[in-house]
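Colleague: Contents are TSV, C-alpha atoms; file name target27.tsv:
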```tsv
chain	number	residue	atom	x	y	z
J	1	MET	CA	85.57	48.87	-46.34
J	2	PHE	CA	86.04	46.69	-43.28
J	3	GLY	CA	82.77	48.01	-41.84
J	4	VAL	CA	80.92	47.11	-45.03
J	5	LEU	CA	82.35	43.58	-44.98
J	6	THR	CA	81.42	43.19	-41.33
J	7	THR	CA	77.85	44.29	-42.04
J	8	VAL	CA	77.55	41.94	-45.02
J	9	SER	CA	78.94	39.06	-42.97
J	10	ALA	CA	76.53	39.78	-40.13
J	11	LEU	CA	73.57	39.88	-42.52
J	12	ALA	CA	74.69	36.64	-44.15
J	13	LEU	CA	74.98	34.96	-40.76
J	14	ALA	CA	71.57	36.27	-39.70
J	15	ASN	CA	70.01	34.93	-42.89
J	16	PHE	CA	71.72	31.58	-42.41
J	17	LEU	CA	70.52	31.24	-38.83
J	18	GLY	CA	67.04	32.48	-39.73
J	19	TYR	CA	66.72	29.93	-42.51
J	20	ASN	CA	67.82	27.07	-40.28
J	21	SER	CA	65.42	28.11	-37.52
J	22	MET	CA	62.51	27.38	-39.86
J	23	ALA	CA	63.84	24.79	-42.35
J	24	PRO	CA	62.16	21.50	-41.46
J	25	ARG	CA	65.13	19.27	-42.31
J	26	SER	CA	67.82	21.39	-40.65
J	27	GLN	CA	69.64	19.81	-37.73
J	28	LEU	CA	71.79	22.87	-37.00
J	29	PHE	CA	70.13	23.75	-33.68
J	30	GLY	CA	69.57	20.19	-32.47
J	31	ARG	CA	68.41	16.77	-33.54
J	32	THR	CA	64.84	16.35	-34.75
J	33	PHE	CA	63.03	13.51	-36.49
J	34	THR	CA	62.09	14.03	-40.15
J	35	GLY	CA	61.76	10.46	-41.43
J	36	ASN	CA	63.74	7.32	-42.11
J	37	ASP	CA	65.63	5.67	-44.98
J	38	PRO	CA	64.52	7.05	-48.39
J	39	GLU	CA	64.51	3.45	-49.61
J	40	SER	CA	61.83	2.63	-47.07
J	41	ARG	CA	58.29	1.85	-48.23
J	42	GLN	CA	56.91	3.57	-45.17
J	43	LEU	CA	55.16	6.95	-45.10
J	44	ALA	CA	53.87	8.82	-42.06
J	45	LEU	CA	50.86	11.12	-42.37
J	46	THR	CA	50.82	13.89	-39.77
J	47	PHE	CA	48.09	16.46	-39.22
J	48	ASP	CA	48.58	19.78	-37.43
J	49	ASP	CA	46.41	22.44	-35.78
J	50	GLY	CA	43.42	20.33	-34.71
J	51	PRO	CA	41.22	19.19	-33.27
J	52	ASN	CA	38.85	20.93	-35.67
J	53	ASP	CA	35.11	20.56	-35.64
J	54	PRO	CA	33.82	18.98	-37.89
J	55	ASP	CA	36.66	18.15	-40.29
J	56	THR	CA	38.81	16.15	-37.85
J	57	LEU	CA	35.97	13.67	-37.38
J	58	LYS	CA	35.48	13.45	-41.15
J	59	LEU	CA	39.20	12.79	-41.52
J	60	LEU	CA	38.95	9.94	-39.02
J	61	GLU	CA	36.35	8.30	-41.27
J	62	ILE	CA	38.67	8.52	-44.28
J	63	LEU	CA	41.63	7.10	-42.40
J	64	ASP	CA	39.50	4.27	-41.00
J	65	ARG	CA	38.17	3.44	-44.47
J	66	HIS	CA	41.73	2.88	-45.69
J	67	GLY	CA	43.05	1.22	-42.53
J	68	VAL	CA	45.57	4.00	-41.88
J	69	LYS	CA	46.81	5.33	-38.55
J	70	ALA	CA	48.24	8.84	-38.44
J	71	THR	CA	49.86	11.25	-35.99
J	72	PHE	CA	47.99	14.38	-34.89
J	73	PHE	CA	49.84	17.37	-33.43
J	74	MET	CA	47.14	19.25	-31.53
J	75	VAL	CA	46.85	22.84	-30.37
J	76	GLY	CA	46.03	22.87	-26.67
J	77	GLN	CA	43.38	25.58	-26.76
J	78	HIS	CA	41.52	23.65	-29.47
J	79	VAL	CA	41.73	20.50	-27.36
J	80	THR	CA	40.24	22.40	-24.45
J	81	ALA	CA	37.45	23.67	-26.70
J	82	ARG	CA	36.71	20.27	-28.29
J	83	PRO	CA	37.93	17.56	-25.91
J	84	LYS	CA	35.52	14.97	-27.33
J	85	VAL	CA	37.01	15.38	-30.81
J	86	ALA	CA	40.52	14.95	-29.42
J	87	GLU	CA	39.34	11.91	-27.50
J	88	ALA	CA	37.86	10.42	-30.68
J	89	VAL	CA	41.25	10.72	-32.40
J	90	ALA	CA	43.01	8.83	-29.63
J	91	ARG	CA	40.21	6.29	-29.29
J	92	ALA	CA	40.54	5.48	-33.01
J	93	GLY	CA	44.14	4.44	-32.41
J	94	HIS	CA	45.93	7.48	-33.80
J	95	VAL	CA	48.92	9.08	-32.09
J	96	VAL	CA	48.43	12.44	-30.40
J	97	GLY	CA	51.26	14.94	-29.93
J	98	ASN	CA	51.95	18.43	-28.58
J	99	HIS	CA	51.70	21.49	-30.89
J	100	THR	CA	51.77	24.12	-28.09
J	101	PHE	CA	48.75	25.72	-26.45
J	102	THR	CA	48.16	28.80	-28.65
J	103	HIS	CA	50.42	28.11	-31.68
J	104	PRO	CA	53.00	30.93	-31.40
J	105	ASN	CA	56.20	30.99	-33.42
J	106	LEU	CA	58.55	29.80	-30.69
J	107	ILE	CA	61.64	31.48	-32.12
J	108	PHE	CA	60.21	34.71	-30.69
J	109	CYS	CA	59.46	33.20	-27.26
J	110	SER	CA	61.67	33.12	-24.19
J	111	PRO	CA	62.51	29.72	-22.68
J	112	ALA	CA	59.98	30.42	-19.92
J	113	GLN	CA	57.27	31.15	-22.47
J	114	VAL	CA	58.14	28.00	-24.43
J	115	ARG	CA	57.83	25.95	-21.27
J	116	LEU	CA	54.45	27.47	-20.44
J	117	GLN	CA	53.18	26.71	-23.96
J	118	LEU	CA	54.30	23.09	-23.88
J	119	GLU	CA	53.16	22.42	-20.34
J	120	ALA	CA	49.72	23.94	-20.97
J	121	CYS	CA	49.27	21.81	-24.07
J	122	GLU	CA	50.37	18.69	-22.18
J	123	ARG	CA	47.75	19.38	-19.52
J	124	SER	CA	44.99	19.87	-22.08
J	125	LEU	CA	45.94	16.65	-23.86
J	126	THR	CA	46.06	14.68	-20.63
J	127	ASP	CA	42.67	16.01	-19.56
J	128	ALA	CA	41.10	15.10	-22.91
J	129	VAL	CA	42.75	11.83	-23.93
J	130	GLY	CA	44.75	10.65	-20.92
J	131	GLU	CA	48.08	9.02	-21.69
J	132	HIS	CA	49.50	10.13	-25.03
J	133	SER	CA	52.78	10.31	-26.95
J	134	ARG	CA	55.80	12.38	-25.94
J	135	LEU	CA	56.03	13.91	-29.41
J	136	PHE	CA	56.20	17.64	-30.07
J	137	ARG	CA	56.07	19.71	-33.25
J	138	PRO	CA	56.92	23.44	-33.12
J	139	PRO	CA	54.36	25.68	-34.87
J	140	HIS	CA	55.56	26.83	-38.30
J	141	GLY	CA	58.59	24.62	-37.66
J	142	GLY	CA	60.18	27.50	-35.75
J	143	ARG	CA	62.80	26.53	-33.21
J	144	ARG	CA	65.99	27.78	-31.63
J	145	PRO	CA	68.41	25.80	-29.47
J	146	SER	CA	66.52	26.90	-26.36
J	147	VAL	CA	63.21	25.60	-27.79
J	148	LEU	CA	64.61	22.12	-28.34
J	149	ARG	CA	66.33	22.24	-24.96
J	150	VAL	CA	63.07	23.01	-23.13
J	151	ALA	CA	61.29	20.28	-25.07
J	152	ARG	CA	63.90	17.73	-24.00
J	153	GLN	CA	63.71	18.90	-20.39
J	154	LEU	CA	59.97	18.18	-20.49
J	155	GLY	CA	60.58	14.73	-21.94
J	156	LEU	CA	59.37	15.60	-25.44
J	157	VAL	CA	60.82	14.47	-28.77
J	158	THR	CA	60.71	17.04	-31.57
J	159	VAL	CA	59.25	15.87	-34.89
J	160	MET	CA	59.50	17.86	-38.11
J	161	TRP	CA	58.72	16.73	-41.67
J	162	ARG	CA	60.19	16.22	-45.14
J	163	VAL	CA	57.10	16.77	-47.28
J	164	ALA	CA	54.49	19.51	-46.86
J	165	GLY	CA	51.19	19.75	-48.67
J	166	VAL	CA	51.01	23.52	-47.97
J	167	ASP	CA	47.29	22.97	-47.42
J	168	TRP	CA	46.93	25.48	-44.59
J	169	ASN	CA	45.68	28.10	-47.05
J	170	SER	CA	43.02	25.82	-48.56
J	171	HIS	CA	44.56	25.08	-51.95
J	172	PRO	CA	42.44	22.81	-54.16
J	173	ALA	CA	42.96	19.09	-53.54
J	174	PRO	CA	44.79	18.47	-56.87
J	175	GLU	CA	47.38	21.11	-55.95
J	176	ILE	CA	47.90	19.58	-52.50
J	177	GLU	CA	48.28	16.13	-54.01
J	178	ALA	CA	50.71	17.30	-56.71
J	179	ARG	CA	52.89	19.06	-54.15
J	180	VAL	CA	53.10	15.96	-51.96
J	181	ILE	CA	53.72	13.62	-54.88
J	182	ARG	CA	56.57	15.78	-56.25
J	183	ARG	CA	58.49	15.50	-53.01
J	184	THR	CA	57.65	12.04	-51.66
J	185	ARG	CA	60.26	9.33	-52.17
J	186	GLY	CA	59.93	6.99	-49.22
J	187	GLY	CA	60.48	7.10	-45.47
J	188	ASP	CA	58.91	10.56	-45.47
J	189	VAL	CA	57.01	12.40	-42.77
J	190	ILE	CA	54.20	14.24	-44.57
J	191	LEU	CA	52.71	17.43	-43.10
J	192	LEU	CA	49.01	18.21	-43.64
J	193	HIS	CA	46.45	20.12	-41.57
J	194	ASP	CA	43.11	19.05	-40.13
J	195	GLY	CA	42.58	22.44	-38.47
J	196	SER	CA	43.85	26.00	-38.26
J	197	HIS	CA	45.55	27.91	-35.46
J	198	LEU	CA	43.30	30.85	-36.36
J	199	GLY	CA	40.20	29.20	-34.98
J	200	MET	CA	37.71	26.37	-34.88
J	201	GLY	CA	35.66	25.44	-37.94
J	202	SER	CA	38.36	26.02	-40.55
J	203	ASP	CA	37.45	24.43	-43.90
J	204	ARG	CA	39.77	21.51	-44.53
J	205	SER	CA	37.55	19.77	-47.09
J	206	GLN	CA	40.24	19.92	-49.79
J	207	THR	CA	42.77	18.33	-47.45
J	208	LEU	CA	40.30	15.52	-46.77
J	209	VAL	CA	39.89	14.84	-50.49
J	210	ALA	CA	43.65	14.98	-51.05
J	211	THR	CA	44.30	12.64	-48.12
J	212	GLY	CA	42.02	9.93	-49.47
J	213	ASN	CA	43.51	10.20	-52.95
J	214	LEU	CA	47.10	10.13	-51.68
J	215	ILE	CA	46.45	7.08	-49.52
J	216	ARG	CA	44.92	5.17	-52.41
J	217	GLN	CA	47.75	6.06	-54.77
J	218	TYR	CA	50.57	5.14	-52.42
J	219	GLN	CA	48.93	1.98	-51.10
J	220	ASP	CA	48.49	0.84	-54.71
J	221	ARG	CA	52.24	1.39	-55.18
J	222	GLY	CA	53.10	-0.78	-52.20
J	223	PHE	CA	53.73	1.90	-49.59
J	224	ARG	CA	52.57	1.43	-46.00
J	225	PHE	CA	51.33	4.27	-43.81
J	226	VAL	CA	52.60	4.23	-40.23
J	227	THR	CA	52.56	6.47	-37.18
J	228	ILE	CA	55.61	8.47	-36.14
J	229	PRO	CA	56.44	6.10	-33.23
J	230	GLU	CA	56.21	3.13	-35.62
J	231	MET	CA	58.52	4.82	-38.12
J	232	MET	CA	60.99	5.75	-35.40
J	233	HIS	CA	60.94	2.21	-34.03
J	234	SER	CA	61.60	0.69	-37.46
J	235	SER	CA	64.57	3.05	-37.79
J	236	GLY	CA	65.96	1.99	-34.42
J	237	ILE	CA	65.28	5.42	-32.97
J	238	SER	CA	63.94	5.80	-29.45
J	239	THR	CA	60.87	7.92	-28.79
J	240	ALA	CA	62.58	9.07	-25.58
J	241	PRO	CA	64.33	12.48	-25.65
J	242	GLU	CA	68.12	12.49	-25.90
J	243	VAL	CA	68.94	14.53	-22.84
J	244	GLY	CA	72.32	16.18	-23.13
J	245	VAL	CA	72.40	16.45	-26.93
J	246	ALA	CA	73.51	19.91	-28.04
J	247	GLY	CA	70.65	22.25	-28.89
```
If you took the structure in this file and wrote it as structure tokens, what would it be?
Modeller:
Amino acid sequence: MFGVLTTVSALALANFLGYNSMAPRSQLFGRTFTGNDPESRQLALTFDDGPNDPDTLKLLEILDRHGVKATFFMVGQHVTARPKVAEAVARAGHVVGNHTFTHPNLIFCSPAQVRLQLEACERSLTDAVGEHSRLFRPPHGGRRPSVLRVARQLGLVTVMWRVAGVDWNSHPAPEIEARVIRRTRGGDVILLHDGSHLGMGSDRSQTLVATGNLIRQYQDRGFRFVTIPEMMHSSGISTAPEVGVAG
């Protein structure tokens, strides 16, 4: 009987830790940024897995049309493949952050492998756009204490999200919009995708349509779209890593 209870307890603990390693709002393994006060009228659009040719450039046109600045978490190997697209994002005034070099799930990586992924992405970003943010988003949201520790050692601040459009599998725009609207309250970091870790040329046309519609709807309701550094600043949160925080 004791052995059965021990096994059940171990499985329950494993499930608990596994859930928290991927749950975007969890702070169990270390502090991350997911947004600010729910009463805020700010929203932050973030786009993962680019740069993607040609949809990232099309997205820039939509954002410019609405006067919105966003935060792009880029995959290093895509930056290396399309440095001019990455440069266009930065030149348009958007914030560029680190999304690793090849987009692995970091919970399965050793600390040395995590460091190599982050450092390689930093080099590709610097080569393409020069100076950029110190923001980092783990692929799939996967992180362990060692992942956040390495990020802090490299001077990176980990950013997660509260609202996800689940657009990575090319749902129709109305479904993406409905999913975002159901979960958005205010002060939210919204996760969308302008590219795919699987390769260049991924079709993100439905995300582009959804993005334009969401911006119009929330601007009409008095919300303001900001970058992650702007949202952190308005919350009194530094964009510098908190060295020494448990994680």
Colleague: When you draw a straight line from atom CA of J:Gly199 to atom CA of J:His66, how long is it in Å?
Modeller: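 We find that atom CA of J:Gly199 and atom CA of J:His66 lie 28.5 Å from each other.
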Colleague: If we count only C-alpha atoms, what is near J:Arg221 at a cut-off of 12 Å, once residues fewer than 2 positions away on the same chain are taken out, given as a PyMOL selection string?
Modeller: chain J and resi 41-43+185-186+214-219+223-225
Colleague: Report, in Å with one decimal, the straight-line distance from atom CA of J:Ala23 to atom CA of J:Gly141.
Modeller: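 Interatomic distance, atom CA of J:Ala23 to atom CA of J:Gly141: 7.0 Å.
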Colleague: Select, from J:Ala128, J:Glu61, J:Gly93, J:Gln27, the residue with the minimum atom-to-atom distance to J:Gln77, counting only C-alpha atoms.
Modeller: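 Ranking J:Ala128, J:Glu61, J:Gly93, J:Gln27 by distance to J:Gln77, first place goes to J:Ala128.
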Colleague: Find the residue from J:Gln153, J:Arg65, J:Gly50, J:Ile237 that sits nearest to J:Pro83; use all atoms listed in the file when measuring.
Modeller: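 Checking each candidate against J:Pro83, we get J:Gly50 as the closest.
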Colleague: Of the residues J:Thr158, J:Thr207, J:Thr34, J:Thr56, which is the one nearest to J:Val89, using all atoms listed in the file?
Modeller: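 Once distances to J:Val89 are computed over all atoms listed in the file, the minimum belongs to J:Thr56.
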Colleague: Could you tell me which of J:Asn169, J:Ser26, J:Thr46, J:Ser21 comes closest to J:Ile107 if we count only C-alpha atoms?
Modeller: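 Once distances to J:Ile107 are computed over only C-alpha atoms, the minimum belongs to J:Ser21.
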Colleague: Please determine, counting all atoms listed in the file, which residue among J:Arg25, J:His94, J:Arg143, J:Arg134 has the shortest atom-to-atom distance to J:Leu106.
Modeller: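 Among the listed residues, J:Arg143 lies closest to J:Leu106.
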Colleague: Check the smallest atom-to-atom distance from each of J:Leu57, J:Ile181, J:Leu45, J:Ala173 to J:Thr71 using all atoms listed in the file, then report the winner.
Modeller: J:Leu45
Colleague: Could you work out how far atom CA of J:Ser235 lies from atom CA of J:Asn36, giving the answer in Å with one decimal?
Modeller: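 Pair atom CA of J:Asn36 / atom CA of J:Ser235 returns 6.1 Å.
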